[in-house]
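Trainee: File model-v2.txt below, compact mmCIF, C-alpha atoms (C1' of nucleotides):
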# COMPACT_ATOMS: atom_id res chain seq x y z
CA MET H 1 -6.43 6.06 11.52
CA ARG H 2 -7.97 2.65 11.48
CA TRP H 3 -7.83 1.20 8.02
CA ASP H 4 -11.44 0.17 7.79
CA ALA H 5 -12.21 3.85 8.25
CA LEU H 6 -10.75 4.45 4.83
CA GLU H 7 -13.75 2.88 3.19
CA GLU H 8 -16.00 5.46 4.80
CA GLU H 9 -14.10 8.40 3.43
CA PRO H 10 -15.83 10.57 0.85
CA CYS H 11 -12.94 9.96 -1.50
CA SER H 12 -12.85 7.27 -4.14
CA MET H 13 -9.15 7.04 -3.83
CA ALA H 14 -9.20 6.47 -0.08
CA ARG H 15 -11.89 3.83 -0.48
CA THR H 16 -9.96 2.03 -3.14
CA ILE H 17 -6.81 2.17 -1.08
CA GLY H 18 -8.78 0.56 1.71
CA VAL H 19 -9.34 -2.42 -0.57
CA ILE H 20 -6.13 -2.83 -2.55
CA GLY H 21 -3.72 -0.37 -0.99
CA ASP H 22 -1.20 -2.64 0.56
CA ARG H 23 1.79 -4.36 -0.83
CA TRP H 24 0.76 -7.97 -0.54
CA THR H 25 -2.68 -7.34 -1.91
CA LEU H 26 -1.27 -5.70 -4.99
CA LEU H 27 1.14 -8.57 -5.52
CA ILE H 28 -1.62 -11.11 -5.04
CA LEU H 29 -3.64 -9.30 -7.65
CA ARG H 30 -0.71 -9.31 -10.02
CA GLU H 31 -0.67 -13.08 -9.67
CA CYS H 32 -4.38 -13.22 -10.33
CA PHE H 33 -3.87 -11.41 -13.60
CA LEU H 34 -1.11 -13.88 -14.39
CA ARG H 35 -3.69 -16.65 -13.98
CA THR H 36 -2.75 -17.92 -10.55
CA ARG H 37 -5.82 -19.28 -8.84
CA ARG H 38 -4.85 -21.47 -5.93
CA PHE H 39 -3.54 -20.95 -2.45
CA GLU H 40 -0.31 -22.83 -3.01
CA GLY H 41 0.21 -21.04 -6.27
CA PHE H 42 0.06 -17.64 -4.65
CA GLN H 43 2.15 -18.74 -1.75
CA SER H 44 4.98 -20.20 -3.73
CA ALA H 45 5.01 -17.44 -6.32
CA LEU H 46 5.15 -14.70 -3.73
CA GLY H 47 6.78 -16.16 -0.66
CA ILE H 48 4.08 -14.56 1.44
CA THR H 49 3.38 -16.15 4.80
CA ARG H 50 0.45 -18.50 4.69
CA HIS H 51 -1.21 -16.62 7.46
CA LEU H 52 -1.23 -13.33 5.63
CA LEU H 53 -2.17 -14.92 2.35
CA ALA H 54 -5.23 -16.52 3.89
CA GLU H 55 -6.23 -13.24 5.42
CA ARG H 56 -5.75 -11.21 2.27
CA LEU H 57 -7.64 -13.68 0.12
CA LYS H 58 -10.49 -13.62 2.59
CA LYS H 59 -10.59 -9.88 2.46
CA LEU H 60 -10.55 -9.76 -1.32
CA VAL H 61 -13.42 -12.23 -1.42
CA ARG H 62 -15.32 -10.18 1.14
CA GLN H 63 -14.79 -7.11 -0.99
CA GLY H 64 -16.06 -8.84 -4.10
CA VAL H 65 -12.76 -8.64 -5.95
CA LEU H 66 -12.25 -12.39 -5.98
CA ARG H 67 -14.72 -15.24 -5.97
CA ARG H 68 -13.97 -18.46 -4.13
CA ILE H 69 -15.09 -21.36 -6.25
CA PRO H 70 -14.91 -25.06 -5.41
CA TYR H 71 -12.94 -27.10 -7.90
CA GLN H 72 -13.12 -30.42 -6.09
CA GLU H 73 -15.00 -32.12 -3.34
CA ALA H 74 -13.31 -34.36 -0.82
CA PRO H 75 -11.29 -32.66 0.31
CA LYS H 76 -13.02 -29.41 -0.46
CA ARG H 77 -10.73 -27.18 -2.44
CA HIS H 78 -11.34 -23.77 -3.86
CA GLU H 79 -9.89 -21.48 -6.46
CA TYR H 80 -9.80 -17.74 -6.30
CA ILE H 81 -10.75 -16.02 -9.48
CA LEU H 82 -11.26 -12.40 -10.36
CA THR H 83 -14.81 -11.09 -10.47
CA GLN H 84 -15.73 -8.35 -12.90
CA LYS H 85 -14.98 -5.91 -10.11
CA GLY H 86 -11.56 -7.52 -9.87
CA LEU H 87 -11.00 -7.52 -13.62
CA ASP H 88 -11.79 -3.83 -13.59
CA LEU H 89 -8.61 -3.33 -11.59
CA TYR H 90 -6.68 -3.98 -14.76
CA PRO H 91 -6.10 -0.32 -15.64
CA ILE H 92 -4.61 0.23 -12.19
CA MET H 93 -2.28 -2.71 -12.65
CA MET H 94 -1.27 -1.58 -16.11
CA ALA H 95 -0.68 1.97 -14.94
CA ILE H 96 1.55 0.68 -12.17
CA VAL H 97 3.50 -1.55 -14.54
CA HIS H 98 3.88 1.23 -17.04
CA TRP H 99 5.27 3.64 -14.47
CA GLY H 100 7.76 0.99 -13.43
CA ASP H 101 8.67 0.39 -17.06
CA THR H 102 9.30 4.09 -17.47
CA HIS H 103 11.05 4.93 -14.25
CA MET H 104 12.32 1.81 -12.56
CA VAL H 105 13.93 -0.35 -15.23
CA ASP H 106 17.60 -1.20 -15.08
CA THR H 107 19.94 -1.12 -18.06
CA ARG H 108 18.58 -4.31 -19.51
CA GLY H 109 15.20 -2.86 -20.24
CA ARG H 110 11.71 -3.85 -19.28
CA PRO H 111 11.06 -7.30 -17.92
CA LEU H 112 7.75 -7.83 -19.64
CA LEU H 113 6.21 -6.77 -22.92
CA HIS H 114 2.51 -6.44 -23.54
CA GLU H 115 0.92 -7.35 -26.80
CA HIS H 116 -2.50 -6.14 -27.76
CA ARG H 117 -4.27 -9.01 -29.45
CA LYS H 118 -6.51 -6.76 -31.47
CA CYS H 119 -3.72 -4.95 -33.24
CA GLY H 120 -0.94 -7.43 -32.71
CA LYS H 121 1.60 -4.88 -31.50
CA ASN H 122 3.51 -4.39 -28.30
CA PHE H 123 2.03 -1.36 -26.64
CA ASP H 124 2.11 0.99 -23.72
CA PRO H 125 -1.07 1.83 -21.89
CA VAL H 126 -2.17 5.43 -22.36
CA MET H 127 -4.78 7.15 -20.28
CA VAL H 128 -7.15 9.31 -22.25
CA CYS H 129 -10.22 11.46 -21.68
CA SER H 130 -13.45 9.52 -22.19
CA GLU H 131 -15.01 12.58 -23.82
CA CYS H 132 -12.44 13.82 -26.29
CA GLY H 133 -9.96 10.95 -26.43
CA GLU H 134 -6.94 13.12 -25.72
CA PRO H 135 -4.20 11.82 -23.42
CA LEU H 136 -4.52 13.09 -19.86
CA SER H 137 -2.01 14.76 -17.65
CA ALA H 138 -2.38 16.16 -14.15
CA LYS H 139 -2.24 19.80 -15.19
CA GLU H 140 -5.07 19.57 -17.67
CA VAL H 141 -7.53 18.32 -15.14
CA HIS H 142 -9.61 20.39 -12.81
CA THR H 143 -11.54 18.74 -9.99
CA HIS H 144 -14.73 19.87 -8.36
CA PRO H 145 -17.12 18.37 -5.83
CA GLY H 146 -19.56 15.77 -7.04
CA PRO H 147 -22.91 14.67 -5.60
CA GLY H 148 -21.23 12.40 -3.05
CA ALA H 149 -18.95 15.12 -1.73
CA ARG H 150 -19.06 16.00 1.91
CA SER H 151 -17.94 19.36 3.21
CA THR H 152 -14.42 18.08 3.08
CA PRO H 153 -13.22 16.29 0.00
CA ALA H 154 -10.14 15.05 1.79
CA ILE H 155 -9.57 12.88 4.78
CA GLN H 156 -9.93 14.85 7.92
CA ALA H 157 -7.72 14.63 10.94
CA PRO H 158 -9.45 13.35 14.06
CA GLU H 159 -10.62 16.65 15.44
CA LYS H 160 -7.24 17.94 16.54
CA PRO H 161 -7.82 19.12 20.11
CA LYS H 162 -6.25 22.31 18.83
CA ALA H 163 -3.72 22.37 21.64
CA ARG H 164 -5.49 25.13 23.42
CA ALA H 165 -5.96 25.56 27.16
CA ARG H 166 -2.28 25.62 27.72
CA ARG H 167 -2.46 28.34 30.33
CA SER H 168 -5.95 27.66 31.68
CA ALA H 169 -4.73 26.21 34.95
CA ALA H 170 -1.39 25.15 36.33
CA MET Z 171 10.42 -10.68 2.00
CA ARG Z 172 12.19 -7.50 2.86
CA TRP Z 173 10.51 -4.61 1.18
CA ASP Z 174 13.60 -3.06 -0.27
CA ALA Z 175 14.03 -6.36 -2.08
CA LEU Z 176 11.00 -5.48 -4.14
CA GLU Z 177 12.96 -2.91 -6.05
CA GLU Z 178 15.37 -5.58 -7.21
CA GLU Z 179 12.67 -7.78 -8.66
CA PRO Z 180 12.57 -8.21 -12.42
CA CYS Z 181 9.01 -6.96 -12.41
CA SER Z 182 7.98 -3.39 -13.01
CA MET Z 183 4.99 -3.85 -10.85
CA ALA Z 184 6.97 -5.11 -7.88
CA ARG Z 185 9.43 -2.26 -8.24
CA THR Z 186 6.68 0.31 -8.38
CA ILE Z 187 4.99 -1.23 -5.39
CA GLY Z 188 8.30 -0.88 -3.58
CA VAL Z 189 8.05 2.88 -4.08
CA ILE Z 190 4.36 3.73 -3.74
CA GLY Z 191 2.75 0.51 -2.57
CA ASP Z 192 1.65 1.42 0.88
CA ARG Z 193 -1.38 3.15 2.14
CA TRP Z 194 0.13 6.29 3.57
CA THR Z 195 2.34 6.86 0.58
CA LEU Z 196 -0.62 6.71 -1.76
CA LEU Z 197 -2.57 9.12 0.40
CA ILE Z 198 0.38 11.48 0.60
CA LEU Z 199 0.59 11.42 -3.16
CA ARG Z 200 -3.09 12.15 -3.44
CA GLU Z 201 -2.46 15.25 -1.37
CA CYS Z 202 0.43 16.19 -3.61
CA PHE Z 203 -1.87 16.12 -6.61
CA LEU Z 204 -4.31 18.25 -4.65
CA ARG Z 205 -1.50 20.83 -4.31
CA THR Z 206 -0.46 20.19 -0.73
CA ARG Z 207 3.22 20.96 -0.34
CA ARG Z 208 4.11 21.36 3.30
CA PHE Z 209 4.63 19.08 6.23
CA GLU Z 210 1.82 20.54 8.29
CA GLY Z 211 -0.47 20.46 5.31
CA PHE Z 212 0.00 16.76 4.82
CA GLN Z 213 -0.22 16.06 8.49
CA SER Z 214 -3.45 17.89 9.14
CA ALA Z 215 -5.11 16.70 5.95
CA LEU Z 216 -4.32 13.07 6.58
CA GLY Z 217 -4.02 12.66 10.33
CA ILE Z 218 -0.87 10.65 9.75
CA THR Z 219 1.61 10.53 12.61
CA ARG Z 220 4.38 13.04 12.23
CA HIS Z 221 6.92 10.32 12.55
CA LEU Z 222 5.63 8.32 9.63
CA LEU Z 223 5.02 11.38 7.53
CA ALA Z 224 8.62 12.47 7.92
CA GLU Z 225 9.81 9.02 6.98
CA ARG Z 226 7.55 8.68 3.95
CA LEU Z 227 8.45 12.10 2.63
CA LYS Z 228 12.11 11.26 3.00
CA LYS Z 229 11.63 8.09 1.07
CA LEU Z 230 9.70 9.75 -1.73
CA VAL Z 231 12.45 12.34 -2.04
CA ARG Z 232 15.09 9.62 -2.08
CA GLN Z 233 13.15 7.89 -4.84
CA GLY Z 234 12.94 11.03 -6.92
CA VAL Z 235 9.17 11.28 -6.72
CA LEU Z 236 9.22 14.48 -4.69
CA ARG Z 237 11.73 17.29 -4.56
CA ARG Z 238 12.44 19.12 -1.30
CA ILE Z 239 12.73 22.81 -2.01
CA PRO Z 240 13.49 25.59 0.46
CA TYR Z 241 10.86 28.28 0.60
CA GLN Z 242 12.34 30.32 3.43
CA GLU Z 243 15.57 30.72 5.38
CA ALA Z 244 15.62 31.21 9.12
CA PRO Z 245 14.17 28.97 10.09
CA LYS Z 246 14.87 26.73 7.13
CA ARG Z 247 11.64 25.43 5.71
CA HIS Z 248 11.03 23.25 2.72
CA GLU Z 249 8.18 22.31 0.42
CA TYR Z 250 7.68 18.96 -1.18
CA ILE Z 251 6.70 19.11 -4.80
CA LEU Z 252 6.20 16.45 -7.41
CA THR Z 253 9.03 15.85 -9.86
CA GLN Z 254 8.25 14.73 -13.39
CA LYS Z 255 8.65 11.19 -12.14
CA GLY Z 256 6.06 12.02 -9.53
CA LEU Z 257 3.71 13.71 -11.98
CA ASP Z 258 3.91 10.59 -14.09
CA LEU Z 259 2.10 8.78 -11.31
CA TYR Z 260 -1.04 10.59 -12.38
CA PRO Z 261 -2.47 7.74 -14.45
CA ILE Z 262 -2.12 5.42 -11.49
CA MET Z 263 -3.94 7.87 -9.26
CA MET Z 264 -6.68 8.40 -11.82
CA ALA Z 265 -7.09 4.69 -12.37
CA ILE Z 266 -7.47 4.19 -8.63
CA VAL Z 267 -9.99 6.99 -8.34
CA HIS Z 268 -11.94 5.70 -11.29
CA TRP Z 269 -12.20 2.21 -9.88
CA GLY Z 270 -13.45 3.68 -6.63
CA ASP Z 271 -15.95 5.80 -8.53
CA THR Z 272 -17.20 2.71 -10.28
CA HIS Z 273 -17.23 0.19 -7.47
CA MET Z 274 -17.06 1.93 -4.13
CA VAL Z 275 -19.45 4.88 -4.25
CA ASP Z 276 -22.40 5.04 -1.91
CA THR Z 277 -25.89 6.07 -2.95
CA ARG Z 278 -25.02 9.72 -3.17
CA GLY Z 279 -22.68 9.25 -6.06
CA ARG Z 280 -19.07 10.11 -6.62
CA PRO Z 281 -17.39 12.58 -4.32
CA LEU Z 282 -15.32 14.30 -6.96
CA LEU Z 283 -15.76 15.14 -10.62
CA HIS Z 284 -12.92 15.66 -13.06
CA GLU Z 285 -13.05 18.21 -15.78
CA HIS Z 286 -10.75 18.05 -18.77
CA ARG Z 287 -9.68 21.60 -19.50
CA LYS Z 288 -9.06 20.91 -23.15
CA CYS Z 289 -12.58 19.80 -23.93
CA GLY Z 290 -14.37 21.33 -20.97
CA LYS Z 291 -16.28 18.19 -20.04
CA ASN Z 292 -16.42 15.98 -17.01
CA PHE Z 293 -14.74 12.77 -17.97
CA ASP Z 294 -13.69 9.32 -16.93
CA PRO Z 295 -10.17 8.16 -17.56
CA VAL Z 296 -9.94 5.40 -20.14
CA MET Z 297 -6.90 3.26 -20.74
CA VAL Z 298 -6.13 2.64 -24.37
CA CYS Z 299 -3.51 0.92 -26.48
CA SER Z 300 -0.73 3.29 -27.54
CA GLU Z 301 -0.62 1.61 -30.97
CA CYS Z 302 -4.21 1.36 -32.07
CA GLY Z 303 -6.02 3.57 -29.59
CA GLU Z 304 -8.56 0.94 -28.60
CA PRO Z 305 -9.58 0.59 -24.95
CA LEU Z 306 -7.73 -2.15 -23.12
CA SER Z 307 -9.01 -5.00 -21.06
CA ALA Z 308 -7.15 -7.80 -19.38
CA LYS Z 309 -8.29 -10.51 -21.78
CA GLU Z 310 -7.04 -8.75 -24.87
CA VAL Z 311 -3.51 -8.52 -23.66
CA HIS Z 312 -0.84 -11.13 -23.97
CA THR Z 313 2.42 -10.77 -22.08
CA HIS Z 314 5.82 -12.10 -23.00
CA PRO Z 315 9.32 -11.66 -21.62
CA GLY Z 316 11.16 -8.47 -22.50
CA PRO Z 317 14.89 -7.74 -22.58
CA GLY Z 318 15.02 -7.20 -18.82
CA ALA Z 319 13.35 -10.50 -18.04
CA ARG Z 320 15.13 -12.98 -15.90
CA SER Z 321 14.34 -16.64 -16.07
CA THR Z 322 11.40 -15.95 -13.85
CA PRO Z 323 9.10 -13.07 -14.64
CA ALA Z 324 7.48 -13.26 -11.26
CA ILE Z 325 8.73 -12.95 -7.76
CA GLN Z 326 10.29 -16.16 -6.70
CA ALA Z 327 9.84 -17.82 -3.37
CA PRO Z 328 13.05 -18.19 -1.40
CA GLU Z 329 14.33 -21.38 -2.95
CA LYS Z 330 11.74 -23.80 -1.66
CA PRO Z 331 13.74 -26.95 -0.92
CA LYS Z 332 11.39 -28.50 -3.46
CA ALA Z 333 10.89 -31.70 -1.52
CA ARG Z 334 12.12 -33.78 -4.39
CA ALA Z 335 13.74 -37.21 -4.24
CA ARG Z 336 10.37 -38.75 -4.45
CA ARG Z 337 11.34 -41.91 -6.18
CA SER Z 338 15.02 -41.40 -6.81
CA ALA Z 339 16.09 -43.16 -3.68
CA ALA Z 340 14.27 -44.32 -0.59
C1' DT P 341 10.48 40.74 28.06
C1' DC P 342 7.91 36.72 28.41
C1' DT P 343 4.55 33.93 26.20
C1' DT P 344 2.18 32.04 22.47
C1' DT P 345 1.86 30.44 17.79
C1' DA P 346 3.40 28.39 13.40
C1' DT P 347 6.34 25.27 11.28
C1' DA P 348 9.02 21.05 10.77
C1' DG P 349 10.61 17.86 12.56
C1' DT P 350 12.60 13.92 16.47
C1' DT P 351 12.06 10.80 20.37
C1' DC P 352 9.74 7.53 23.17
C1' DT P 353 6.48 3.81 24.63
C1' DA P 354 2.54 0.96 23.56
C1' DA P 355 -0.22 -1.39 20.24
C1' DA P 356 -0.85 -3.61 15.88
C1' DA P 357 0.74 -6.11 11.98
C1' DA P 358 3.84 -9.15 9.69
C1' DC P 359 7.20 -12.94 9.85
C1' DG P 360 8.50 -17.68 10.32
C1' DA P 361 7.96 -22.00 11.56
C1' DA P 362 5.30 -25.64 13.03
C1' DC P 363 0.95 -27.85 13.23
C1' DT P 364 -3.98 -29.69 11.57
C1' DG P 365 -6.81 -32.24 8.54
C1' DT P 366 -8.32 -34.61 4.24
C1' DC P 367 -7.46 -37.56 0.63
C1' DA P 368 -4.52 -40.14 -3.01
C1' DA P 369 -0.70 -42.75 -4.01
C1' DT P 370 3.19 -45.73 -2.55
C1' DA K 371 1.65 -47.32 7.36
C1' DT K 372 3.90 -43.46 5.39
C1' DT K 373 4.52 -39.76 2.32
C1' DG K 374 3.03 -35.96 -0.29
C1' DA K 375 -0.18 -32.34 -2.08
C1' DC K 376 -3.18 -28.96 -0.68
C1' DA K 377 -5.37 -25.40 2.16
C1' DG K 378 -5.33 -23.57 5.70
C1' DT K 379 -4.59 -22.32 11.39
C1' DT K 380 -1.84 -21.43 15.50
C1' DC K 381 1.71 -19.32 18.04
C1' DG K 382 5.90 -16.88 19.59
C1' DT K 383 9.06 -13.25 17.81
C1' DT K 384 10.25 -9.21 15.23
C1' DT K 385 9.06 -5.09 12.78
C1' DT K 386 6.01 -1.27 11.89
C1' DT K 387 2.74 1.99 13.16
C1' DA K 388 0.17 4.81 16.45
C1' DG K 389 -0.02 8.38 19.69
C1' DA K 390 1.70 11.61 22.43
C1' DA K 391 5.24 14.55 24.03
C1' DC K 392 9.39 17.12 23.19
C1' DT K 393 12.97 20.22 20.44
C1' DA K 394 14.15 24.14 17.77
C1' DT K 395 13.65 28.65 15.27
C1' DA K 396 11.56 32.87 14.54
C1' DA K 397 7.61 36.10 14.34
C1' DA K 398 3.70 38.21 16.77
C1' DG K 399 1.39 39.71 20.91
C1' DA K 400 0.61 41.07 25.92
Is it possible to give me this structure as structure tokens?
Mentor:
Amino acid sequence: MRWDALEEEPCSMARTIGVIGDRWTLLILRECFLRTRRFEGFQSALGITRHLLAERLKKLVRQGVLRRIPYQEAPKRHEYILTQKGLDLYPIMMAIVHWGDTHMVDTRGRPLLHEHRKCGKNFDPVMVCSECGEPLSAKEVHTHPGPGARSTPAIQAPEKPKARARRSAA
Amino acid sequence: MRWDALEEEPCSMARTIGVIGDRWTLLILRECFLRTRRFEGFQSALGITRHLLAERLKKLVRQGVLRRIPYQEAPKRHEYILTQKGLDLYPIMMAIVHWGDTHMVDTRGRPLLHEHRKCGKNFDPVMVCSECGEPLSAKEVHTHPGPGARSTPAIQAPEKPKARARRSAA
DNA sequence: TCTTTATAGTTCTAAAAACGAACTGTCAAT
DNA sequence: ATTGACAGTTCGTTTTTAGAACTATAAAGA
């Protein structure tokens, strides 16, 4: 499967994975949420090769997740900042962090605490139903096709030749 | 950076990315949540190469996200099912789907709708604060080091020689 | 019985992606 | 005139992934 094909899939998850579904991109986005904005900042925080970093930033800009904004002339320099589309990735980031906090911490406990300014407390992110406000879990959710569904809700294999015609000749 | 190094990072996000942060793994997990359990099921739904599929499944089992359970003897066959650790990935999956629903749909609308059995309505997942129940956004959250923090909360570049000695001598 | 099919992999080669290091270019400061 | 900060680009090597074929076990079919 070519990865740009992902964005054509009739599956919001596949499309999203096509945008942010690789390791460096996710780490770059983590840095964005930690207020990193410049090329050197990303590079030295992550240790990513400059080549890949340039490519990933370009892609995120192309996708509308980051905006490239000049912060000085002569020489032209730009910063990369999250668009609203990028800021909307926050729940994904928090969900990832929270899973790590729950299942991947060592004996010393979680590396980072999150304080909610509104209520002043350290919190965990909880995913709830927009309609009734109850916390969600996989088993309480039933999926069915929406208006954008194609015949197949999932990614389809490339037409599997079906391995027939084994005895047809020879 | 070697990818197994990610799991050593003092960052829950990096550690999680070390487990699920690649495209095929995320797609495999999507299939798991859609009730796929067997090798051939994953392979034909995704079009992933058998080689990679075998490797990814092995890794997810090693990480405790999937359990490999025999469903017949002679020949020995196994199913891959989500552990609790795996089921706990649900908020990540939903957050990814929701972002795609919001930002990546074409004109026809979202491919899949989600119904909350408890309240019977189609819903969107919303991430809220565990303490006050208010929806979260990036700007309302302040992070600070937790007990598992090392000096550096972020991934550190490999020791950058730092190019100092700017005025000290020479 | 001999062949095909279903299932779950493994093995092999070629192609693609990532790594790592060096290089380019602009400007400010020394 | 040289060095350093910054933001990349280029290039040769290594690692990963793709794609196809092959192995193995057992049931079903001709």
Trainee: Within 12 Å of chain K, which residues belong to chain H? Use all atoms listed in the file and report them as a list in words.
Mentor: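 Only these qualify: Met1, Arg2, Trp3, Arg38, Phe39, Glu40, Gly41, Phe42, Gln43, Thr49, Arg50, His51, Leu52, Leu53, Ala54, Glu55, Leu57, Lys58, Gln72, Ala74, Pro75, Lys76, Arg77, His78 and Glu79 of chain H.
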Trainee: Compile the contact shell of Val189 (chain Z) as a PyMOL selection string: residues with an atom at most 10 Å away, counting all atoms listed in the file, same-chain residues fewer than 4 positions apart removed.
Mentor: (chain H and resi 100+104) or (chain Z and resi 173-174+176-177+184-185+195-196+226+229-230+232-235)
Trainee: Compile the residues of chain P that lie within 8 Å of chain H, evaluated using only C-alpha atoms (C1' of nucleotides), and express the compilation as a PyMOL selection string.
Mentor: chain P and resi 358-360+366-367
Trainee: Quick one: write out the picked residues with C-alpha atoms (C1' of nucleotides) as a PDB file, keeping the file's coordinate frame?
Mentor:
ATOM      1  C1'  DA P 358       3.840  -9.150   9.690  1.00  0.00           C
ATOM      2  C1'  DC P 359       7.200 -12.940   9.850  1.00  0.00           C
ATOM      3  C1'  DG P 360       8.500 -17.680  10.320  1.00  0.00           C
ATOM      4  C1'  DT P 366      -8.320 -34.610   4.240  1.00  0.00           C
ATOM      5  C1'  DC P 367      -7.460 -37.560   0.630  1.00  0.00           C
TER       6       DC P 367
END
Trainee: Take CA of Leu283 (chain Z) and CA of Gly146 (chain H) and report the distance between them in Å, one decimal.
Mentor: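 Separation between CA of Leu283 (chain Z) and CA of Gly146 (chain H): 5.3 Å.
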Trainee: Between CA of Leu46 (chain H) and CA of Ile266 (chain Z), what is the spacing in Å?
Mentor: 23.2 Å
Trainee: How many Å separate CA of Glu201 (chain Z) from CA of Gly217 (chain Z)?
Mentor: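 CA of Glu201 (chain Z) sits 12.1 Å away from CA of Gly217 (chain Z).
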Trainee: Quick one: axis-aligned box around all listed atoms of region 54-67 of chain H, 3 Å on every side, centre and edge lengths in Å to one decimal, written as lines of an AutoDock Vina configuration file.
Mentor:
center_x = -10.6
center_y = -11.8
center_z = -0.3
size_x = 16.8
size_y = 15.4
size_z = 17.4
Trainee: Find, counting only C-alpha atoms, the residue in H:Glu134, H:Pro70, H:His144, H:Ile28 that gets nearest to chain Z.
Mentor: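 Going through H:Glu134, H:Pro70, H:His144, H:Ile28 one by one, the smallest distance to chain Z is for H:His144.
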Trainee: Could you tell me which of Z:Leu252, Z:Ile262, Z:Ala175, Z:Cys202 comes closest to chain H if we count all atoms listed in the file?
Mentor: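 Of all the options, Z:Ile262 lies closest to chain H.
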